[in-house]
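Heads up, the thing below is written out as structure tokens.
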Amino acid sequence: MNLAALTLSDASDKLRRREFSSTELTEAVLQRIAATDDRVHAYLTLARDAAMAQARQADESLKREQTASPLLGIPIAVKDNFLTRGIRTTCASKILGDFMPPYDATTVAKLRSAGAVIVGKTNLDEFAMGSSAENSAFFPTRNPWNFERIPGGSSGGSAAAVAADQCIGALGTDTGGSIRQPAACCGVVGLKPTYGRVSRYGIIAFASSMDQVGPMTKDVRDSALLLQGIAGHDPADSTSVRLAVPNFAETLNGSVKGLRLGVPKEYFVSGMQPEVEQAVRNAIDTLANNGATIAEISLPHTEYAVAVYYIVATAEASSNLARYDGMRFGHRADAKDLTETYRVSRDEGFGAEVKRRIMLGTYVLSAGYYDAYYLKAQRVRTLIRQDFDEAFKRCDAILTPTAPTTAFKIGEKTQDPLQMYLSDIYTISINLAGLPAISLPCGFDGDSMPIGLQIIGNHFDESTVLRTAHAYEQATEWHKKKPKL
Ligand code: GLN
């Protein structure tokens with residue numbers, strides 16, 4: 001049996017039945033990484049010894065308790081913008097190149113206390129800014145389906161690691177699509193929960209009003225299980241809500257009977273890859289054939305989403321990234337005085353895209369431009385949210401493509417930031433509105449690259465999102481296809 005290829009739910013059942021130990025499972029995953037990561041480049045840091053120690057501990061717990069979390073003994077990869085105590089955390093930036101966090105992000109602490117095994121830290125676009133993982137200060141990650149292609153971003157390392165069986169599941173973050181778009185590019189399942197469902201404490205902040213942590217997994221059931229392990233109120237994050245967390249796996253009944261699913265007409269526009277449109281339309285038919293009612297809906301302010309996002313996100317980023325000044329942590333340049341130290345440390349430490357965003361963000365917040373840009377964008381953000389409020393009066397979930405194209409070639413869009421920004425045209429509104437959404441595989445294009453279907457839910461209704469996704473997955477075979485490595 002190829003242990004590294006197992007789903008989380010399978011691995012968890014088999015661990016309980018003693019078919020193998022967590023030590024064996026973790027070893028299999030580490031071997032798989034050793035055999036493939038010189039081509040995929042998904043990991044920035046491996047935590048081999050710590051992982052093996054956690055696995056041995058998990059094996060002890062497994063002997064004692066049969067009722068523990070399904071995450072007990074399961075090897076998980078974590079994006080390198082989560083603080084991990086004792087494991088180097090870089091955010092794929094030179095400015096944090098040798099940063100050793102003194103504490104764990106709440107989500108990482110939750111994984112650890114459930115007995116999960118942290119395998120290592122995955123590559124990303126620097127500070128999670130990008131859609132291709134090419135903005136990493138270290139190296140680009142490659143798409144396991146085709147090494148000439150990007151894995152998507154910013155959680156490209158986590159998506160590639162899941163697709164290449166270099167972990168059983170992974171965590172990512174999503175500010176404008178960074179879980180869902182790479183999931184689509186790599187043919188895996190990625191879920192962005194409702195803003196406030198999962199703690200952001202210990203996540204290196206990019207745009208705090210949109211950042212959210214979520215699971216990246218091999219199938220929808222795994223997504224429910226991993227979400228269960230990280231969701232819930234955290235006193236250390238005032239934006240995490242005090243709301244009971246439902247049992248997500250229980251809602252996976254394989255049926256969409258009686259569900260009303262909306263299809264926004266603004267999401268099928270010229271410029272999208274025809275094979276993507278076809279695959280998504282086929283997926284809509286599949287759900288209709290399985291008993292869902294399909295209704296055309298309208299989200300009239302969709303066309304402003306990318307512009308609004310790149311004002312709000314850059315404004316928040318410019319203030320969040322002010323803390324990297326060479327004084328308290330991270331890279332410090334050797335300079336003659338304080339101002340020079342700030343200036344040179346930041347100049348040497350940040351990459352081009354991060355600098356671009358700091359400048360844009362500083363500009364839209366500056367006196368004289370604040371009203372025209374930042375305030376205006378906040379107002380349009382409200383309109384975008386209201387579009388969804390209206391839509392959810394008529395439907396229970398919304399179906400769209402995850403990205404307008406499949407994974408593009410490495411280098412294809414690096415010279416053209418605007419083209420890169422358009423990769424997120426279908427995911428960004430969801431972050432602006434704070435809604436939950438999943439991406440799952442729904443086909444392949446002519447070059448055998450995976451296509452993603454996005455299912456958007458109402459606030460705190462991850463259950464309907466997961467239920468719809470699961471029913472679609474049950475009716476199709478896409479999630480069983482794997483890249484040959
Ligand atoms: N690609 C988007 C950006 O560059 C989203 C990134 C994200 O979700 N972290 O900002």
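Ligands are numbered from 1 in the order shown, chains are lettered A, B, ... in the order of the structure tokens, and residues start at 1 in each chain.
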Test item: residues no farther than 6 Å from ligand 1, counting only C-alpha atoms and all ligand atoms, as a PyMOL selection string = chain A and resi 128-131+154+174-178+424
Pull the helix (DSSP H, G or I) assignments for region 293-371 of chain A out of DSSP run on the backbone, and list those residues as JSON, numbers by chain.
-> {"A": [302, 303, 304, 305, 306, 307, 308, 309, 310, 311, 312, 313, 314, 315, 316, 317, 318, 319, 320, 321, 322, 323, 338, 339, 340, 341, 342, 343, 344, 345, 346, 347, 348, 349, 352, 353, 354, 355, 356, 357, 358, 359, 360, 361, 362, 363, 364, 365, 371]}
File of the preceding selection, C-alpha atoms, as a PDB file, in the first residue's frame:
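File written: out_25.pdb
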ATOM      1  CA  THR A 302     -18.600  41.904  -9.868  1.00  0.00           C
ATOM      2  CA  GLU A 303     -16.670  44.003 -12.381  1.00  0.00           C
ATOM      3  CA  TYR A 304     -15.343  46.276  -9.617  1.00  0.00           C
ATOM      4  CA  ALA A 305     -14.039  43.478  -7.391  1.00  0.00           C
ATOM      5  CA  VAL A 306     -10.442  43.333  -8.628  1.00  0.00           C
ATOM      6  CA  ALA A 307     -10.033  47.129  -8.388  1.00  0.00           C
ATOM      7  CA  VAL A 308     -11.594  47.283  -4.916  1.00  0.00           C
ATOM      8  CA  TYR A 309      -9.478  44.382  -3.703  1.00  0.00           C
ATOM      9  CA  TYR A 310      -6.207  45.900  -4.901  1.00  0.00           C
ATOM     10  CA  ILE A 311      -7.010  49.111  -3.019  1.00  0.00           C
ATOM     11  CA  VAL A 312      -8.194  47.527   0.234  1.00  0.00           C
ATOM     12  CA  ALA A 313      -5.594  44.738   0.293  1.00  0.00           C
ATOM     13  CA  THR A 314      -2.656  47.002  -0.496  1.00  0.00           C
ATOM     14  CA  ALA A 315      -3.806  49.611   2.043  1.00  0.00           C
ATOM     15  CA  GLU A 316      -3.941  46.988   4.780  1.00  0.00           C
ATOM     16  CA  ALA A 317      -0.669  45.430   3.644  1.00  0.00           C
ATOM     17  CA  SER A 318       1.169  48.748   3.735  1.00  0.00           C
ATOM     18  CA  SER A 319       0.226  49.175   7.358  1.00  0.00           C
ATOM     19  CA  ASN A 320       0.773  45.512   8.335  1.00  0.00           C
ATOM     20  CA  LEU A 321       4.223  45.418   6.766  1.00  0.00           C
ATOM     21  CA  ALA A 322       5.403  48.594   8.497  1.00  0.00           C
ATOM     22  CA  ARG A 323       6.618  46.401  11.362  1.00  0.00           C
ATOM     23  CA  LEU A 338      18.282  54.735  12.155  1.00  0.00           C
ATOM     24  CA  THR A 339      16.541  56.074   9.047  1.00  0.00           C
ATOM     25  CA  GLU A 340      19.107  54.427   6.822  1.00  0.00           C
ATOM     26  CA  THR A 341      18.643  51.151   8.707  1.00  0.00           C
ATOM     27  CA  TYR A 342      14.893  51.250   8.045  1.00  0.00           C
ATOM     28  CA  ARG A 343      15.357  52.182   4.427  1.00  0.00           C
ATOM     29  CA  VAL A 344      18.089  49.732   3.498  1.00  0.00           C
ATOM     30  CA  SER A 345      16.682  46.828   5.538  1.00  0.00           C
ATOM     31  CA  ARG A 346      13.345  47.154   3.762  1.00  0.00           C
ATOM     32  CA  ASP A 347      14.976  47.693   0.394  1.00  0.00           C
ATOM     33  CA  GLU A 348      17.100  44.563   0.750  1.00  0.00           C
ATOM     34  CA  GLY A 349      14.465  42.477   2.500  1.00  0.00           C
ATOM     35  CA  ALA A 352       9.453  43.633  -6.108  1.00  0.00           C
ATOM     36  CA  GLU A 353       5.780  42.661  -5.740  1.00  0.00           C
ATOM     37  CA  VAL A 354       5.749  43.386  -2.005  1.00  0.00           C
ATOM     38  CA  LYS A 355       7.319  46.802  -2.626  1.00  0.00           C
ATOM     39  CA  ARG A 356       4.778  47.524  -5.350  1.00  0.00           C
ATOM     40  CA  ARG A 357       1.941  46.781  -2.946  1.00  0.00           C
ATOM     41  CA  ILE A 358       3.410  48.813  -0.094  1.00  0.00           C
ATOM     42  CA  MET A 359       3.700  51.786  -2.450  1.00  0.00           C
ATOM     43  CA  LEU A 360       0.181  51.349  -3.830  1.00  0.00           C
ATOM     44  CA  GLY A 361      -1.244  50.951  -0.343  1.00  0.00           C
ATOM     45  CA  THR A 362       0.596  53.955   1.035  1.00  0.00           C
ATOM     46  CA  TYR A 363      -0.630  56.003  -1.897  1.00  0.00           C
ATOM     47  CA  VAL A 364      -4.335  55.127  -1.513  1.00  0.00           C
ATOM     48  CA  LEU A 365      -4.180  55.951   2.196  1.00  0.00           C
ATOM     49  CA  ASP A 371     -11.385  59.644   0.036  1.00  0.00           C
TER      50      ASP A 371
END
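Among the candidates A:Gly187, A:Pro193, A:Gly202, A:Pro274, the one nearest to Gly446 (chain A) when counting only C-alpha atoms is A:Pro274.
Each of A:Gln415, A:Ser61, A:Thr464, A:Asn431 was checked against Thr382 (chain A) using only C-alpha atoms; the smallest atom-to-atom distance is that of A:Asn431.
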If you run DSSP over the backbone, which residues in region 105-192 of chain A end up strand (DSSP E or B)? Put them as number ranges by chain.
-> A: 117-122, 143, 146, 149, 169-174, 189-192
For the selection you just gave me, I'd like the residues written to a file as a PDB file, in the first residue's frame, keeping C-alpha atoms.
ATOM      1  CA  VAL A 117       2.227  15.598  12.759  1.00  0.00           C
ATOM      2  CA  ILE A 118       3.657  18.833  11.291  1.00  0.00           C
ATOM      3  CA  VAL A 119       5.841  17.688   8.385  1.00  0.00           C
ATOM      4  CA  GLY A 120       7.185  21.038   7.268  1.00  0.00           C
ATOM      5  CA  LYS A 121       6.526  24.474   5.863  1.00  0.00           C
ATOM      6  CA  THR A 122       5.425  25.025   2.275  1.00  0.00           C
ATOM      7  CA  ASN A 143       2.839  22.114 -10.685  1.00  0.00           C
ATOM      8  CA  ASN A 146       3.350  19.618 -15.425  1.00  0.00           C
ATOM      9  CA  ARG A 149       3.412  25.240 -15.104  1.00  0.00           C
ATOM     10  CA  GLY A 169      -3.448  17.337   4.066  1.00  0.00           C
ATOM     11  CA  ALA A 170      -2.260  20.932   4.330  1.00  0.00           C
ATOM     12  CA  LEU A 171      -3.151  24.350   5.666  1.00  0.00           C
ATOM     13  CA  GLY A 172      -3.203  27.461   3.514  1.00  0.00           C
ATOM     14  CA  THR A 173      -4.396  31.039   3.823  1.00  0.00           C
ATOM     15  CA  ASP A 174      -6.751  32.870   1.500  1.00  0.00           C
ATOM     16  CA  VAL A 189      -9.805  20.557  -2.715  1.00  0.00           C
ATOM     17  CA  GLY A 190      -9.317  23.956  -1.041  1.00  0.00           C
ATOM     18  CA  LEU A 191     -11.758  25.628   1.343  1.00  0.00           C
ATOM     19  CA  LYS A 192     -11.782  29.229   2.489  1.00  0.00           C
TER      20      LYS A 192
END
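Of the listed residues A:Leu111, A:Leu287, A:Leu418, A:Ile456, the one whose atoms come nearest to Ala475 (chain A) is A:Leu287, with distances taken using only C-alpha atoms.
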Contact residues around Ala58 (chain A) with only C-alpha atoms at 10 Å, ignoring same-chain residues under 2 positions, as a ChimeraX atom specification | /A:21-23,52-56,60-64,71-74,114-117
May I have the selected residues written with all heavy atoms, as a CSV table (one decimal), in the first residue's frame?
chain,number,residue,atom,x,y,z
A,21,SER,N,1.3,2.2,11.6
A,21,SER,CA,1.5,3.2,12.7
A,21,SER,C,1.6,4.6,12.1
A,21,SER,O,1.9,4.7,10.9
A,21,SER,CB,2.7,2.8,13.5
A,21,SER,OG,3.8,2.9,12.7
A,22,SER,N,1.5,5.6,12.9
A,22,SER,CA,1.8,7.0,12.5
A,22,SER,C,3.2,7.1,12.1
A,22,SER,O,3.6,7.8,11.2
A,22,SER,CB,1.4,7.9,13.6
A,22,SER,OG,1.8,9.2,13.2
A,23,THR,N,4.1,6.4,12.8
A,23,THR,CA,5.5,6.4,12.4
A,23,THR,C,5.8,5.9,11.0
A,23,THR,O,6.5,6.5,10.2
A,23,THR,CB,6.3,5.5,13.4
A,23,THR,OG1,6.0,5.8,14.7
A,23,THR,CG2,7.8,5.6,13.2
A,52,MET,N,9.0,13.0,13.3
A,52,MET,CA,9.1,11.6,13.7
A,52,MET,C,8.8,11.5,15.2
A,52,MET,O,8.1,10.6,15.6
A,52,MET,CB,10.5,11.1,13.4
A,52,MET,CG,10.7,10.8,11.9
A,52,MET,SD,9.4,9.9,11.0
A,52,MET,CE,9.5,8.3,11.9
A,53,ALA,N,9.2,12.5,16.0
A,53,ALA,CA,8.9,12.5,17.4
A,53,ALA,C,7.4,12.6,17.7
A,53,ALA,O,6.9,11.9,18.5
A,53,ALA,CB,9.7,13.6,18.1
A,54,GLN,N,6.8,13.5,16.9
A,54,GLN,CA,5.3,13.6,17.0
A,54,GLN,C,4.6,12.3,16.7
A,54,GLN,O,3.6,11.9,17.3
A,54,GLN,CB,4.8,14.8,16.2
A,54,GLN,CG,5.1,16.2,16.7
A,54,GLN,CD,4.8,17.2,15.7
A,54,GLN,OE1,5.0,17.1,14.5
A,54,GLN,NE2,4.2,18.3,16.2
A,55,ALA,N,5.1,11.7,15.6
A,55,ALA,CA,4.5,10.4,15.1
A,55,ALA,C,4.6,9.4,16.2
A,55,ALA,O,3.6,8.6,16.5
A,55,ALA,CB,5.2,10.0,13.8
A,56,ARG,N,5.8,9.3,16.9
A,56,ARG,CA,5.9,8.3,17.9
A,56,ARG,C,5.0,8.6,19.1
A,56,ARG,O,4.3,7.6,19.6
A,56,ARG,CB,7.4,8.3,18.4
A,56,ARG,CG,8.3,7.5,17.5
A,56,ARG,CD,9.7,7.3,18.1
A,56,ARG,NE,10.4,8.6,18.3
A,56,ARG,CZ,11.2,9.2,17.4
A,56,ARG,NH1,11.4,8.6,16.2
A,56,ARG,NH2,11.8,10.3,17.7
A,60,GLU,N,1.7,6.3,20.6
A,60,GLU,CA,1.4,6.0,22.0
A,60,GLU,C,0.0,6.4,22.3
A,60,GLU,O,-0.8,5.6,22.9
A,60,GLU,CB,2.3,6.9,23.0
A,60,GLU,CG,3.8,6.4,23.0
A,60,GLU,CD,3.8,4.9,23.4
A,60,GLU,OE1,3.2,4.5,24.4
A,60,GLU,OE2,4.5,4.1,22.7
A,61,SER,N,-0.5,7.6,21.9
A,61,SER,CA,-1.9,8.0,22.1
A,61,SER,C,-2.9,7.0,21.5
A,61,SER,O,-3.9,6.7,22.0
A,61,SER,CB,-2.1,9.4,21.6
A,61,SER,OG,-1.2,10.3,22.1
A,62,LEU,N,-2.5,6.6,20.3
A,62,LEU,CA,-3.4,5.7,19.5
A,62,LEU,C,-3.6,4.4,20.3
A,62,LEU,O,-4.7,3.8,20.2
A,62,LEU,CB,-2.9,5.4,18.1
A,62,LEU,CG,-3.2,6.4,17.1
A,62,LEU,CD1,-2.2,6.3,15.9
A,62,LEU,CD2,-4.6,6.4,16.6
A,63,LYS,N,-2.6,3.9,21.0
A,63,LYS,CA,-2.8,2.7,21.8
A,63,LYS,C,-3.8,2.9,22.9
A,63,LYS,O,-4.5,2.0,23.3
A,63,LYS,CB,-1.4,2.3,22.5
A,63,LYS,CG,-0.5,1.6,21.5
A,63,LYS,CD,0.8,1.2,22.3
A,63,LYS,CE,1.9,1.1,21.2
A,63,LYS,NZ,3.2,1.3,21.8
A,64,ARG,N,-3.8,4.1,23.5
A,64,ARG,CA,-4.7,4.4,24.6
A,64,ARG,C,-6.1,4.8,24.2
A,64,ARG,O,-7.1,4.2,24.7
A,64,ARG,CB,-4.1,5.6,25.4
A,64,ARG,CG,-2.9,5.2,26.2
A,64,ARG,CD,-2.6,6.3,27.2
A,64,ARG,NE,-2.6,7.6,26.7
A,64,ARG,CZ,-1.5,8.2,26.2
A,64,ARG,NH1,-0.3,7.5,26.2
A,64,ARG,NH2,-1.5,9.4,25.7
A,71,LEU,N,-7.4,13.7,13.4
A,71,LEU,CA,-6.1,14.2,12.9
A,71,LEU,C,-5.0,13.5,13.7
A,71,LEU,O,-3.8,13.7,13.3
A,71,LEU,CB,-6.1,15.7,13.2
A,71,LEU,CG,-7.1,16.5,12.5
A,71,LEU,CD1,-6.9,18.0,12.8
A,71,LEU,CD2,-7.1,16.3,11.0
A,72,LEU,N,-5.3,12.7,14.7
A,72,LEU,CA,-4.2,12.1,15.5
A,72,LEU,C,-3.3,11.2,14.6
A,72,LEU,O,-3.8,10.3,13.9
A,72,LEU,CB,-4.9,11.2,16.6
A,72,LEU,CG,-3.9,10.5,17.5
A,72,LEU,CD1,-2.9,11.4,18.2
A,72,LEU,CD2,-4.7,9.7,18.6
A,73,GLY,N,-2.0,11.6,14.6
A,73,GLY,CA,-1.1,10.8,13.8
A,73,GLY,C,-1.0,11.1,12.3
A,73,GLY,O,-0.3,10.4,11.6
A,74,ILE,N,-1.7,12.1,11.9
A,74,ILE,CA,-1.8,12.4,10.4
A,74,ILE,C,-0.7,13.5,10.0
A,74,ILE,O,-0.7,14.6,10.6
A,74,ILE,CB,-3.2,13.0,10.1
A,74,ILE,CG1,-4.3,11.9,10.4
A,74,ILE,CG2,-3.3,13.4,8.6
A,74,ILE,CD1,-4.2,10.7,9.5
A,114,ALA,N,-4.4,18.1,18.7
A,114,ALA,CA,-5.2,17.0,18.2
A,114,ALA,C,-4.3,15.8,17.9
A,114,ALA,O,-4.7,14.8,17.5
A,114,ALA,CB,-5.9,17.4,16.9
A,115,GLY,N,-2.9,16.0,17.9
A,115,GLY,CA,-2.0,14.9,17.7
A,115,GLY,C,-1.5,14.8,16.2
A,115,GLY,O,-0.9,13.9,15.8
A,116,ALA,N,-1.8,15.9,15.4
A,116,ALA,CA,-1.4,15.9,14.0
A,116,ALA,C,0.2,16.0,14.0
A,116,ALA,O,0.8,16.5,15.0
A,116,ALA,CB,-2.0,17.0,13.2
A,117,VAL,N,0.8,15.6,12.9
A,117,VAL,CA,2.2,15.6,12.8
A,117,VAL,C,2.6,16.7,11.8
A,117,VAL,O,2.1,16.7,10.6
A,117,VAL,CB,2.7,14.2,12.2
A,117,VAL,CG1,4.2,14.3,11.9
A,117,VAL,CG2,2.4,13.1,13.2
Do a neighbour search on Ala159 (chain A) at 7 Å with only C-alpha atoms, toss out local chain neighbours closer than 2 positions, and write the hits as a PyMOL selection string.
-> chain A and resi 155-157+161-163+182-183+186+188+216
Pick from A:Pro483, A:Pro300, A:Gly97, A:Gly452 nearest to Ile179 (chain A), counting only C-alpha atoms | A:Gly452
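Comparing the minimum interatomic distances between Ser255 (chain A) and each of A:Ile425, A:Gly291, A:Ala397, A:Ile95, counting only C-alpha atoms, we find that A:Gly291 sits nearest.
CA of Gly232 (chain A) is positioned 23.6 Å from CA of Ile428 (chain A).
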Find the residues around region 28-34 of chain A up to 6 Å (only C-alpha atoms counted), leave out those fewer than 3 positions away in its own chain, and share them as a ChimeraX atom specification.
-> /A:4,25,37,166-167
Got time to write the residues from that selection, all heavy atoms, as a tab-separated table (two decimals), in the first residue's frame?
chain	number	residue	atom	x	y	z
A	4	ALA	N	1.46	7.24	1.53
A	4	ALA	CA	1.43	8.69	1.34
A	4	ALA	C	0.25	9.11	0.46
A	4	ALA	O	-0.18	10.26	0.51
A	4	ALA	CB	2.75	9.16	0.73
A	25	LEU	N	3.47	5.83	8.60
A	25	LEU	CA	2.82	6.78	7.70
A	25	LEU	C	3.69	8.02	7.49
A	25	LEU	O	3.89	8.48	6.36
A	25	LEU	CB	1.46	7.18	8.30
A	25	LEU	CG	0.62	8.19	7.54
A	25	LEU	CD1	0.23	7.67	6.16
A	25	LEU	CD2	-0.65	8.56	8.32
A	37	ASP	N	10.58	16.01	-4.17
A	37	ASP	CA	10.60	17.47	-3.99
A	37	ASP	C	11.75	18.18	-4.70
A	37	ASP	O	11.74	19.40	-4.82
A	37	ASP	CB	10.53	17.87	-2.51
A	37	ASP	CG	9.83	19.22	-2.35
A	37	ASP	OD1	8.84	19.45	-3.07
A	37	ASP	OD2	10.29	20.05	-1.55
A	166	GLN	N	2.79	14.52	-0.95
A	166	GLN	CA	3.91	14.83	-0.04
A	166	GLN	C	3.41	15.18	1.36
A	166	GLN	O	4.17	15.66	2.19
A	166	GLN	CB	4.70	16.01	-0.59
A	166	GLN	CG	5.39	15.73	-1.92
A	166	GLN	CD	6.12	16.96	-2.40
A	166	GLN	OE1	5.77	18.08	-2.03
A	166	GLN	NE2	7.12	16.76	-3.24
A	167	CYS	N	2.11	15.00	1.58
A	167	CYS	CA	1.50	15.16	2.90
A	167	CYS	C	0.12	14.55	2.76
A	167	CYS	O	-0.31	14.22	1.65
A	167	CYS	CB	1.39	16.65	3.28
A	167	CYS	SG	0.42	17.63	2.13
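You will find CA of Trp145 (chain A) at 20.5 Å from CA of Thr414 (chain A).
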